[in-house]
$ cat final25.pdb   # PDB, C-alpha atoms and all ligand atoms
ATOM      1  CA  MET A 132       6.382 -15.008  21.101
ATOM      2  CA  GLN A 133       7.600 -15.007  17.509
ATOM      3  CA  ILE A 134       5.770 -13.543  14.557
ATOM      4  CA  PRO A 135       4.850 -16.546  12.394
ATOM      5  CA  VAL A 136       6.011 -16.640   8.762
ATOM      6  CA  VAL A 137       3.652 -18.418   6.368
ATOM      7  CA  ASP A 138       4.480 -19.316   2.762
ATOM      8  CA  VAL A 139       1.135 -19.131   0.970
ATOM      9  CA  ALA A 140       2.447 -20.092  -2.496
ATOM     10  CA  PRO A 141       1.238 -23.732  -2.306
ATOM     11  CA  ALA A 142      -2.328 -22.559  -1.655
ATOM     12  CA  LEU A 143      -2.343 -19.958  -4.446
ATOM     13  CA  SER A 144      -1.120 -22.169  -7.257
ATOM     14  CA  GLY A 145      -4.198 -24.376  -7.298
ATOM     15  CA  GLY A 146      -2.696 -26.879  -4.889
ATOM     16  CA  ASP A 147      -4.259 -28.283  -1.754
ATOM     17  CA  PRO A 148      -4.555 -25.349   0.681
ATOM     18  CA  THR A 149      -5.041 -27.476   3.813
ATOM     19  CA  ALA A 150      -1.548 -27.145   5.303
ATOM     20  CA  VAL A 151      -1.328 -23.399   4.587
ATOM     21  CA  VAL A 152      -4.796 -22.825   6.043
ATOM     22  CA  ALA A 153      -3.800 -24.642   9.241
ATOM     23  CA  GLN A 154      -0.762 -22.367   9.622
ATOM     24  CA  LEU A 155      -2.856 -19.268   8.952
ATOM     25  CA  ARG A 156      -5.521 -20.365  11.420
ATOM     26  CA  HIS A 157      -2.905 -20.769  14.116
ATOM     27  CA  ALA A 158      -1.248 -17.395  13.411
ATOM     28  CA  LEU A 159      -4.553 -15.517  13.196
ATOM     29  CA  THR A 160      -6.074 -17.059  16.285
ATOM     30  CA  GLU A 161      -3.038 -17.012  18.542
ATOM     31  CA  VAL A 162      -1.157 -13.900  17.447
ATOM     32  CA  GLY A 163      -3.243 -11.791  15.057
ATOM     33  CA  PHE A 164       0.005 -10.892  13.247
ATOM     34  CA  LEU A 165       2.097 -12.786  10.715
ATOM     35  CA  GLN A 166       4.436 -12.363   7.778
ATOM     36  CA  VAL A 167       3.264 -13.811   4.474
ATOM     37  CA  VAL A 168       5.756 -14.867   1.803
ATOM     38  CA  GLY A 169       5.130 -16.560  -1.543
ATOM     39  CA  HIS A 170       2.330 -14.032  -2.184
ATOM     40  CA  GLY A 171       3.299 -13.505  -5.808
ATOM     41  CA  LEU A 172       3.289  -9.688  -5.870
ATOM     42  CA  ASP A 173       5.907  -8.356  -8.287
ATOM     43  CA  PRO A 174       8.758  -6.810  -6.221
ATOM     44  CA  ALA A 175       9.208  -4.171  -8.940
ATOM     45  CA  LEU A 176       5.822  -2.720  -7.912
ATOM     46  CA  VAL A 177       7.023  -2.427  -4.318
ATOM     47  CA  ASP A 178      10.211  -0.694  -5.445
ATOM     48  CA  ALA A 179       8.220   1.706  -7.612
ATOM     49  CA  ALA A 180       5.904   2.520  -4.718
ATOM     50  CA  TYR A 181       8.829   3.352  -2.445
ATOM     51  CA  ALA A 182      10.468   5.414  -5.167
ATOM     52  CA  ALA A 183       7.275   7.451  -5.475
ATOM     53  CA  MET A 184       7.233   7.853  -1.702
ATOM     54  CA  ASP A 185      10.794   9.198  -1.810
ATOM     55  CA  GLN A 186       9.566  11.861  -4.221
ATOM     56  CA  ILE A 187       7.158  13.146  -1.560
ATOM     57  CA  ALA A 188       9.918  13.279   1.013
ATOM     58  CA  ALA A 189      12.040  15.255  -1.446
ATOM     59  CA  LEU A 190       9.366  17.854  -2.295
ATOM     60  CA  PRO A 191      10.162  21.416  -1.291
ATOM     61  CA  ASP A 192       8.511  22.180   2.058
ATOM     62  CA  ALA A 193       5.893  24.472   0.572
ATOM     63  CA  GLU A 194       4.802  21.867  -1.971
ATOM     64  CA  ARG A 195       4.601  19.154   0.651
ATOM     65  CA  ARG A 196       2.653  21.403   2.982
ATOM     66  CA  ALA A 197       0.099  21.934   0.238
ATOM     67  CA  LEU A 198      -0.779  18.239   0.525
ATOM     68  CA  VAL A 199      -1.351  18.389   4.301
ATOM     69  CA  ARG A 200      -4.968  18.128   5.421
ATOM     70  CA  PRO A 201      -6.649  18.262   8.802
ATOM     71  CA  ARG A 202      -7.030  14.724  10.107
ATOM     72  CA  ALA A 203     -10.833  14.997   9.977
ATOM     73  CA  GLY A 204     -10.566  15.358   6.192
ATOM     74  CA  SER A 205      -9.402  11.752   6.108
ATOM     75  CA  ARG A 206      -7.565  11.999   2.758
ATOM     76  CA  GLY A 207      -4.261  13.710   2.059
ATOM     77  CA  LEU A 208      -1.038  14.067   3.991
ATOM     78  CA  PHE A 209      -1.165  13.887   7.772
ATOM     79  CA  GLU A 210       1.679  14.888  10.006
ATOM     80  CA  GLU A 211       2.057  13.758  13.572
ATOM     81  CA  VAL A 212       3.971  16.514  15.355
ATOM     82  CA  ASP A 213       5.081  16.185  18.986
ATOM     83  CA  ASP A 214       4.950  18.963  21.566
ATOM     84  CA  ARG A 215       8.490  20.000  20.636
ATOM     85  CA  GLY A 216       7.550  20.479  17.027
ATOM     86  CA  ARG A 217       9.200  17.364  15.671
ATOM     87  CA  VAL A 218       7.474  15.550  12.856
ATOM     88  CA  LEU A 219       7.259  11.957  14.096
ATOM     89  CA  ASN A 220       5.602  10.568  11.032
ATOM     90  CA  ARG A 221       3.914  11.617   7.846
ATOM     91  CA  ALA A 222       1.202   9.562   6.225
ATOM     92  CA  LEU A 223      -0.248  10.137   2.790
ATOM     93  CA  GLN A 224      -3.655   8.473   2.837
ATOM     94  CA  PHE A 225      -5.976   7.726  -0.039
ATOM     95  CA  ILE A 226      -8.688   5.217  -0.897
ATOM     96  CA  THR A 227      -9.467   3.019  -3.880
ATOM     97  CA  TYR A 228     -11.953   5.530  -5.325
ATOM     98  CA  ASP A 229     -10.495   8.897  -6.265
ATOM     99  CA  ASP A 230     -13.742  10.740  -5.684
ATOM    100  CA  LEU A 231     -17.513  10.388  -5.641
ATOM    101  CA  ALA A 232     -17.716  10.287  -9.439
ATOM    102  CA  ALA A 233     -15.343   7.308  -9.512
ATOM    103  CA  ALA A 234     -17.391   5.528  -6.858
ATOM    104  CA  GLU A 235     -20.619   6.282  -8.741
ATOM    105  CA  ALA A 236     -19.148   4.953 -11.980
ATOM    106  CA  ASP A 237     -18.405   1.668 -10.192
ATOM    107  CA  ASP A 238     -21.759   1.558  -8.397
ATOM    108  CA  ALA A 239     -19.904   1.586  -5.075
ATOM    109  CA  VAL A 240     -21.575   4.494  -3.249
ATOM    110  CA  GLY A 241     -23.965   2.329  -1.220
ATOM    111  CA  GLY A 242     -25.956   5.326   0.021
ATOM    112  CA  HIS A 243     -22.928   7.056   1.578
ATOM    113  CA  PRO A 244     -21.753   9.792  -0.805
ATOM    114  CA  ASP A 245     -19.976  11.648   2.013
ATOM    115  CA  TYR A 246     -17.541   8.753   2.409
ATOM    116  CA  PHE A 247     -15.940   9.519  -0.937
ATOM    117  CA  VAL A 248     -13.895  12.556   0.003
ATOM    118  CA  PRO A 249     -11.546  13.257  -2.926
ATOM    119  CA  ASN A 250      -8.036  11.853  -2.736
ATOM    120  CA  VAL A 251      -5.208  14.376  -2.611
ATOM    121  CA  TRP A 252      -2.472  13.591  -5.138
ATOM    122  CA  PRO A 253       0.818  15.405  -5.684
ATOM    123  CA  GLU A 254      -0.096  16.199  -9.293
ATOM    124  CA  GLN A 255       3.343  17.746  -9.921
ATOM    125  CA  LEU A 256       4.891  14.278  -9.563
ATOM    126  CA  SER A 257       4.192  12.642 -12.880
ATOM    127  CA  GLY A 258       3.360   8.970 -12.684
ATOM    128  CA  PHE A 259       2.785   9.074  -8.931
ATOM    129  CA  ARG A 260      -0.886   8.209  -9.066
ATOM    130  CA  THR A 261      -0.419   5.498 -11.724
ATOM    131  CA  THR A 262       2.337   3.875  -9.697
ATOM    132  CA  TRP A 263       0.174   3.722  -6.597
ATOM    133  CA  LYS A 264      -2.784   2.473  -8.583
ATOM    134  CA  ALA A 265      -0.699  -0.416  -9.934
ATOM    135  CA  TYR A 266       0.651  -1.248  -6.504
ATOM    136  CA  GLY A 267      -2.820  -0.937  -4.955
ATOM    137  CA  ASP A 268      -4.472  -3.236  -7.477
ATOM    138  CA  ALA A 269      -1.792  -5.891  -6.953
ATOM    139  CA  ALA A 270      -1.925  -5.626  -3.164
ATOM    140  CA  ARG A 271      -5.728  -5.851  -3.195
ATOM    141  CA  THR A 272      -5.418  -9.033  -5.248
ATOM    142  CA  VAL A 273      -3.137 -10.460  -2.545
ATOM    143  CA  ALA A 274      -5.674  -9.410   0.103
ATOM    144  CA  ARG A 275      -8.515 -11.124  -1.780
ATOM    145  CA  GLU A 276      -6.494 -14.341  -2.013
ATOM    146  CA  LEU A 277      -5.744 -14.158   1.700
ATOM    147  CA  MET A 278      -9.384 -13.547   2.566
ATOM    148  CA  GLY A 279     -10.210 -16.720   0.642
ATOM    149  CA  LEU A 280      -7.772 -18.641   2.816
ATOM    150  CA  PHE A 281      -9.076 -16.907   5.958
ATOM    151  CA  ALA A 282     -12.574 -18.062   4.982
ATOM    152  CA  LEU A 283     -11.311 -21.642   4.810
ATOM    153  CA  ALA A 284      -9.645 -21.149   8.191
ATOM    154  CA  LEU A 285     -13.086 -20.182   9.518
ATOM    155  CA  ASP A 286     -14.730 -23.276   7.959
ATOM    156  CA  LEU A 287     -16.525 -21.082   5.429
ATOM    157  CA  PRO A 288     -16.579 -21.428   1.630
ATOM    158  CA  ARG A 289     -13.452 -19.936   0.060
ATOM    159  CA  ASP A 290     -15.482 -17.313  -1.798
ATOM    160  CA  PHE A 291     -17.343 -16.177   1.340
ATOM    161  CA  PHE A 292     -15.746 -12.701   1.427
ATOM    162  CA  GLU A 293     -15.744 -12.068  -2.331
ATOM    163  CA  GLU A 294     -19.030 -10.229  -2.570
ATOM    164  CA  PRO A 295     -18.529  -8.208   0.657
ATOM    165  CA  PHE A 296     -15.238  -6.877  -0.788
ATOM    166  CA  SER A 297     -16.387  -6.545  -4.421
ATOM    167  CA  LYS A 298     -16.474  -2.691  -4.137
ATOM    168  CA  ASP A 299     -13.848  -2.392  -1.423
ATOM    169  CA  VAL A 300     -13.160   1.080  -0.071
ATOM    170  CA  THR A 301      -9.654   0.112   0.987
ATOM    171  CA  LEU A 302      -7.530   2.815   2.592
ATOM    172  CA  PHE A 303      -3.824   3.197   1.869
ATOM    173  CA  SER A 304      -1.379   4.842   4.211
ATOM    174  CA  VAL A 305       2.043   5.669   2.826
ATOM    175  CA  ASN A 306       4.091   6.128   5.974
ATOM    176  CA  LEU A 307       7.301   8.127   6.142
ATOM    177  CA  TYR A 308       9.145   8.359   9.432
ATOM    178  CA  PRO A 309      11.840  11.042   9.247
ATOM    179  CA  PRO A 310      15.087  10.464  11.172
ATOM    180  CA  GLN A 311      14.714  11.548  14.803
ATOM    181  CA  PRO A 312      17.239  13.058  17.159
ATOM    182  CA  VAL A 313      18.240  10.660  19.903
ATOM    183  CA  ASP A 314      18.076  12.210  23.338
ATOM    184  CA  GLU A 315      17.052  10.933  26.698
ATOM    185  CA  ASP A 316      13.875  12.950  27.123
ATOM    186  CA  TYR A 317      12.630  12.053  23.727
ATOM    187  CA  PHE A 318       9.024  10.859  24.050
ATOM    188  CA  GLU A 319       9.761   7.250  24.881
ATOM    189  CA  ASP A 320      11.042   6.789  21.360
ATOM    190  CA  VAL A 321       7.524   5.892  20.228
ATOM    191  CA  ILE A 322       6.822   7.506  16.858
ATOM    192  CA  LEU A 323       3.475   5.803  16.186
ATOM    193  CA  ASN A 324       1.354   5.242  19.264
ATOM    194  CA  PRO A 325       0.038   1.824  20.215
ATOM    195  CA  HIS A 326      -3.161   1.031  18.330
ATOM    196  CA  ALA A 327      -5.016  -1.746  16.592
ATOM    197  CA  ASP A 328      -6.082  -1.178  13.002
ATOM    198  CA  SER A 329      -9.706  -0.513  12.115
ATOM    199  CA  GLY A 330     -10.325  -2.551   9.000
ATOM    200  CA  GLY A 331     -10.492  -6.055   7.652
ATOM    201  CA  LEU A 332      -6.918  -7.086   7.258
ATOM    202  CA  THR A 333      -3.845  -4.911   6.954
ATOM    203  CA  VAL A 334      -1.270  -5.723   4.270
ATOM    204  CA  LEU A 335       1.917  -3.879   5.141
ATOM    205  CA  HIS A 336       5.330  -3.664   3.549
ATOM    206  CA  GLN A 337       8.150  -2.215   5.622
ATOM    207  CA  ARG A 338      11.592  -0.962   4.710
ATOM    208  CA  GLY A 339      14.260   0.911   6.601
ATOM    209  CA  THR A 340      17.617   0.956   8.296
ATOM    210  CA  TYR A 341      16.303  -0.578  11.540
ATOM    211  CA  GLU A 342      13.405  -2.693  12.787
ATOM    212  CA  GLY A 343      10.761  -0.379  14.230
ATOM    213  CA  LEU A 344       7.432  -2.209  14.169
ATOM    214  CA  GLN A 345       6.519  -3.899  17.448
ATOM    215  CA  VAL A 346       3.580  -6.095  18.386
ATOM    216  CA  ARG A 347       2.203  -6.318  21.901
ATOM    217  CA  GLU A 348       2.241  -9.702  23.561
ATOM    218  CA  ALA A 349      -0.434 -10.948  25.935
ATOM    219  CA  GLY A 350       1.960 -10.320  28.850
ATOM    220  CA  GLY A 351       2.384  -6.660  27.830
ATOM    221  CA  GLY A 352       5.878  -6.939  26.322
ATOM    222  CA  TRP A 353       6.745  -5.872  22.772
ATOM    223  CA  VAL A 354       7.962  -8.161  20.005
ATOM    224  CA  THR A 355       9.765  -6.727  16.990
ATOM    225  CA  VAL A 356       8.598  -7.680  13.497
ATOM    226  CA  PRO A 357      11.767  -8.499  11.523
ATOM    227  CA  LEU A 358      12.319  -6.626   8.263
ATOM    228  CA  ARG A 359      11.762  -8.994   5.357
ATOM    229  CA  GLU A 360      11.841  -7.590   1.868
ATOM    230  CA  ASP A 361       9.919 -10.563   0.429
ATOM    231  CA  ALA A 362       7.144 -10.488   3.022
ATOM    232  CA  PHE A 363       3.941  -8.659   3.729
ATOM    233  CA  VAL A 364       3.157  -8.129   7.371
ATOM    234  CA  ILE A 365      -0.474  -9.135   7.818
ATOM    235  CA  ASN A 366      -2.620  -8.231  10.781
ATOM    236  CA  ILE A 367      -6.273  -8.253  11.688
ATOM    237  CA  GLY A 368      -8.276  -5.051  12.137
ATOM    238  CA  HIS A 369     -11.241  -4.432  14.435
ATOM    239  CA  LEU A 370     -13.782  -5.025  11.689
ATOM    240  CA  MET A 371     -12.463  -8.498  10.888
ATOM    241  CA  SER A 372     -12.209  -9.221  14.578
ATOM    242  CA  ARG A 373     -15.920  -8.459  14.900
ATOM    243  CA  TRP A 374     -16.638 -10.528  11.790
ATOM    244  CA  THR A 375     -14.980 -13.518  13.486
ATOM    245  CA  ASN A 376     -16.725 -12.881  16.819
ATOM    246  CA  GLY A 377     -13.316 -12.051  18.293
ATOM    247  CA  ARG A 378     -11.716 -15.329  17.247
ATOM    248  CA  PHE A 379      -9.098 -13.425  15.228
ATOM    249  CA  PRO A 380      -7.836 -10.686  17.567
ATOM    250  CA  ALA A 381      -7.000  -7.157  16.398
ATOM    251  CA  THR A 382      -3.547  -7.011  17.933
ATOM    252  CA  VAL A 383      -2.032  -3.788  19.265
ATOM    253  CA  HIS A 384       1.188  -2.576  17.641
ATOM    254  CA  ARG A 385       3.361   0.548  17.579
ATOM    255  CA  VAL A 386       6.417   1.998  15.862
ATOM    256  CA  VAL A 387       9.558   3.076  17.714
ATOM    257  CA  ALA A 388      12.331   5.411  16.607
ATOM    258  CA  GLY A 389      15.674   4.037  15.479
ATOM    259  CA  PRO A 390      18.869   3.723  17.479
ATOM    260  CA  ASP A 391      20.643   6.694  15.903
ATOM    261  CA  THR A 392      19.955   9.988  14.178
ATOM    262  CA  SER A 393      20.268   8.543  10.703
ATOM    263  CA  ALA A 394      17.682   5.821  11.261
ATOM    264  CA  GLU A 395      14.920   5.891   8.682
ATOM    265  CA  ARG A 396      11.761   3.911   8.197
ATOM    266  CA  GLN A 397       9.090   3.705   5.535
ATOM    267  CA  SER A 398       6.053   1.511   5.339
ATOM    268  CA  ILE A 399       3.153   0.985   2.998
ATOM    269  CA  ALA A 400       0.007   0.042   4.860
ATOM    270  CA  MET A 401      -3.126  -1.107   3.105
ATOM    271  CA  PHE A 402      -6.247  -1.411   5.229
ATOM    272  CA  PHE A 403      -8.436  -3.765   3.238
ATOM    273  CA  LEU A 404     -11.998  -2.567   3.805
ATOM    274  CA  PRO A 405     -15.239  -4.059   2.519
ATOM    275  CA  ASN A 406     -17.964  -2.348   0.505
ATOM    276  CA  VAL A 407     -19.000   0.817   2.323
ATOM    277  CA  ASP A 408     -22.522  -0.494   3.002
ATOM    278  CA  GLN A 409     -21.431  -4.006   3.997
ATOM    279  CA  VAL A 410     -23.018  -5.027   7.276
ATOM    280  CA  VAL A 411     -20.581  -7.005   9.390
ATOM    281  CA  SER A 412     -22.021  -9.607  11.770
ATOM    282  CA  PRO A 413     -20.089 -12.452  13.380
ATOM    283  CA  VAL A 414     -20.021 -15.385  10.939
ATOM    284  CA  PRO A 415     -22.110 -18.373  12.064
ATOM    285  CA  THR A 416     -19.131 -20.728  12.355
ATOM    286  CA  THR A 417     -17.714 -18.555  15.150
ATOM    287  CA  VAL A 418     -20.888 -18.106  17.200
ATOM    288  CA  GLY A 419     -21.594 -20.589  19.970
ATOM    289  CA  ALA A 420     -24.608 -21.152  22.209
ATOM    290  CA  GLU A 421     -23.964 -17.896  24.058
ATOM    291  CA  GLY A 422     -24.686 -15.924  20.894
ATOM    292  CA  PRO A 423     -22.681 -13.250  19.056
ATOM    293  CA  ARG A 424     -20.401 -10.947  21.066
ATOM    294  CA  PHE A 425     -20.820  -8.078  18.616
ATOM    295  CA  ALA A 426     -23.855  -6.323  17.191
ATOM    296  CA  PRO A 427     -24.062  -5.973  13.411
ATOM    297  CA  ILE A 428     -22.490  -2.754  12.108
ATOM    298  CA  SER A 429     -21.975  -1.406   8.604
ATOM    299  CA  ALA A 430     -18.451  -0.714   7.395
ATOM    300  CA  TYR A 431     -19.503   2.933   7.044
ATOM    301  CA  ASP A 432     -20.746   3.267  10.619
ATOM    302  CA  TRP A 433     -17.716   1.438  11.928
ATOM    303  CA  GLN A 434     -15.268   3.701  10.108
ATOM    304  CA  GLN A 435     -17.131   6.805  11.331
ATOM    305  CA  GLN A 436     -17.051   5.520  14.890
ATOM    306  CA  PHE A 437     -13.358   4.616  14.684
ATOM    307  CA  MET A 438     -12.494   8.033  13.292
ATOM    308  CA  ARG A 439     -14.495   9.810  16.004
ATOM    309  CA  GLU A 440     -13.506   7.702  18.978
ATOM    310  CA  VAL A 441      -9.957   6.665  18.165
ATOM    311  CA  VAL A 442      -8.216   8.589  15.415
ATOM    312  CA  LEU A 443      -9.473  12.121  16.094
ATOM    313  CA  VAL A 444      -9.271  11.872  19.852
ATOM    314  CA  ASN A 445      -5.627  11.009  20.146
ATOM    315  CA  THR A 446      -4.281   9.989  16.768
ATOM    316  CA  TYR A 447      -4.410   6.354  17.741
ATOM    317  CA  ALA A 448      -5.160   6.073  21.408
ATOM    318  CA  GLU A 449      -5.184   2.637  22.895
ATOM    319  CA  PRO A 450      -8.382   1.120  21.499
ATOM    320  CA  GLU A 451     -11.157   0.269  23.912
ATOM    321  CA  PRO A 452     -12.511  -3.213  23.460
ATOM    322  CA  VAL A 453     -15.698  -2.726  21.465
ATOM    323  CA  ALA A 454     -18.927  -4.419  22.375
TER     324      ALA A 454
HETATM  325  O1  LIG A 501       4.840   1.742   9.884
HETATM  326  C1  LIG A 501       4.374   0.701  10.329
HETATM  327  O2  LIG A 501       4.965  -0.348  10.229
HETATM  328  C2  LIG A 501       3.064   0.647  11.036
HETATM  329  C3  LIG A 501       2.023   1.517  10.447
HETATM  330  C4  LIG A 501       0.735   1.279  11.142
HETATM  331  O3  LIG A 501       0.636   0.569  12.104
HETATM  332  C5  LIG A 501      -0.476   1.916  10.628
HETATM  333  O4  LIG A 501      -0.360   2.752   9.699
HETATM  334  O5  LIG A 501      -1.565   1.575  11.115
HETATM  335 FE    FE A 502      -1.391  -0.024  12.401
END
$ encode --input "final25.pdb" --output "C-alpha cells" --more "lines below"
Ligand SMILES: O=C(O)CCC(=O)C(=O)O
Ligand SMILES: [Fe+2]
Amino acid sequence: MQIPVVDVAPALSGGDPTAVVAQLRHALTEVGFLQVVGHGLDPALVDAAYAAMDQIAALPDAERRALVRPRAGSRGLFEEVDDRGRVLNRALQFITYDDLAAAEADDAVGGHPDYFVPNVWPEQLSGFRTTWKAYGDAARTVARELMGLFALALDLPRDFFEEPFSKDVTLFSVNLYPPQPVDEDYFEDVILNPHADSGGLTVLHQRGTYEGLQVREAGGGWVTVPLREDAFVINIGHLMSRWTNGRFPATVHRVVAGPDTSAERQSIAMFFLPNVDQVVSPVPTTVGAEGPRFAPISAYDWQQQFMREVVLVNTYAEPEPVA
C-alpha cells in the first residue's frame, strides 16, 4: 500500500473538480489516509507555527510545567511519560474558541457551556497566540475546501458540510517528540500508540529528521507516511466515518521513535470538528436498504464518549469499532 498524493489545486481554482474528486474518493474509501498538495496554504504560516512550537520546547522546565494539565482538562500541555520516566511526546492542545465568552460572542455554545474549557497559552511568549490563530484560520479554510470536495465524492452538494462546520470547535494538537535514547528494551520504539482520530478530518503537517508516522494496512503491517514539506497529511476521524456510514474508514496510525538519539519530530495536527451541537447521522447517499450502521450522535456526546472510553483510559488505546 502507498499513501496516495492528491493535488487539489485544479479543484480549488474554480476549475472542474471531477478528476480531483475521483482521486479523493479512491483515497478516502480505500485507504482513509492521503497527502494533499496544491492546497494553497502559505508556507510562511507553517514556518511561523513551528517556530512558535520551538519556543515551547526551549522554555525553562518550570515555565513549561506550568502549562501542563491533567488529560481530563482537555486543554493545555499534555505529556506522555513512559514507566521509566521518559517523556515520549508533548502535545499542546487548544480549540478554536479561547473560552466560553468567545464561544458565546460567536453564538457557538449550542447548549454545552462545559465544552468551552479555557485554552492554556504561554502568555510569556509574545505573538504565540496570534501566530497559532493565523495558522489555524488558514488550515480551517483548507479543511472547509476539502470538505466541499468530500461532499462531491459522496454525491452530495458541495456546500453540504458548510453549515455543520459554521461554528467548528476544531481541536489543535501541537506535537513535540523529544529525541529518545535508543536501546533494545525501549518500549517497541512506539512513541504515540496506535489510534484512530476522533473528529471529522485531520489536517496534519509533519517535520523532522526522520519519517515517524505510520499507517496500518488491512493486513496488519505498517506503512510510513513520507515527509513532504508541501503536503498536508489528511485522514478521516471516527465522526466522519460515522457520517459516511463507514464508507470512509478512520484508519489506525501511530508514531515511532527515530533511528538514533538525535532524531526529532514535530507535527501540527488539526482535528476539524463540527459545531458542538451538530448531530451526525449517516448521509443518505451512503445508506443502503439495510439501513444506517450508526445511530445519530451529537459532536458533543461523541467527543465526551471518545475522551472517556479512549483517551482517558489509555491515552489512545486501540479504538473499538463503534456501533
Ligand atoms: O505526530 C503525528 O504525526 C501524529 C499525531 C497524531 O496522530 C495525533 O495527534 O492524533
Ligand atoms: Fe492521530
$ closest_residue --input "final25.pdb" --among "A:Lys264, A:Arg396, A:Arg439, A:Arg385" --to "ligand FE 502 (chain A)" --atoms "only C-alpha atoms and all ligand atoms"
A:Arg385
$ resolve_selection --input "final25.pdb" --expression "the PyMOL selection byres (((chain A and resi 238) around 12) and not hetatm)" --output "VMD selection string"
chain A and resid 228 231 to 237 239 to 244 297 to 300 406 to 408
$ resolve_selection --input "final25.pdb" --expression "the PyMOL selection byres (((not hetatm)) within 10 of (chain A and resi 502))" --output "count of residues only"
27
$ closest_residue --input "final25.pdb" --among "A:Met184, A:Ala426, A:Val273, A:Leu198" --to "A:Ala140" --atoms "all atoms listed in the file"
A:Val273
$ closest_residue --input "final25.pdb" --among "A:Ala222, A:Val411, A:Ala362, A:Ile428" --to "ligand LIG 501 (chain A)" --atoms "all atoms listed in the file"
A:Ala222
$ atom_distance --input "final25.pdb" --atom1 "atom CA of A:Asp268" --atom2 "atom CA of A:Gly207"
19.4 Å
$ residues_around --input "final25.pdb" --residues "A:Ala179" --least-positions-apart "2" --cutoff "12 Å" --atoms "all atoms listed in the file" --output "list in words"
Asp173, Pro174, Ala175, Leu176, Val177, Tyr181, Ala182, Ala183, Met184, Asp185, Gln186, Gly258, Phe259, Arg260, Thr261, Thr262, Trp263, Lys264, Ala265, Tyr266, Gly267 and Ile399 of chain A
$ closest_residue --input "final25.pdb" --among "A:His170, A:Pro141, A:Ala197, A:Gln337" --to "A:Trp252" --atoms "all atoms listed in the file"
A:Ala197
$ closest_residue --input "final25.pdb" --among "A:Glu293, A:Gln397, A:Thr227, A:Val218" --to "A:Thr340" --atoms "only C-alpha atoms"
A:Gln397
$ closest_residue --input "final25.pdb" --among "A:Ser412, A:Gly389, A:Tyr308, A:Val441" --to "ligand LIG 501 (chain A)" --atoms "all atoms listed in the file"
A:Tyr308
$ closest_atom_pairs --input "final25.pdb" --of "stretch 243-361 of chain A" --to "stretch 148-151 of chain A" --cutoff "10 Å" --atoms "all atoms listed in the file" --output "CSV"
residue,atom,partner,partner_atom,distance
A:Leu280,CA,A:Pro148,CA,7.7
A:Leu283,CA,A:Thr149,CA,8.6
A:Ala284,CA,A:Thr149,CA,9.0
$ atom_distance --input "final25.pdb" --atom1 "atom CA of A:Gly216" --atom2 "atom CA of A:Val251"
24.2 Å
$ residues_around --input "final25.pdb" --residues "A:Leu287" --least-positions-apart "6" --cutoff "12 Å" --atoms "only C-alpha atoms" --output "ChimeraX atom specification"
/A:152,278-281,293,375,414-417
$ write_last_selection --input "final25.pdb" --atoms "C-alpha atoms" --output "JSON list (two decimals), in the frame of the given file"
[["chain", "number", "residue", "atom", "x", "y", "z"],
["A", 152, "VAL", "CA", -4.80, -22.82, 6.04],
["A", 278, "MET", "CA", -9.38, -13.55, 2.57],
["A", 279, "GLY", "CA", -10.21, -16.72, 0.64],
["A", 280, "LEU", "CA", -7.77, -18.64, 2.82],
["A", 281, "PHE", "CA", -9.08, -16.91, 5.96],
["A", 293, "GLU", "CA", -15.74, -12.07, -2.33],
["A", 375, "THR", "CA", -14.98, -13.52, 13.49],
["A", 414, "VAL", "CA", -20.02, -15.38, 10.94],
["A", 415, "PRO", "CA", -22.11, -18.37, 12.06],
["A", 416, "THR", "CA", -19.13, -20.73, 12.36],
["A", 417, "THR", "CA", -17.71, -18.56, 15.15]]
$ atom_distance --input "final25.pdb" --atom1 "atom CA of A:Arg156" --atom2 "atom CA of A:Gly351"
22.8 Å
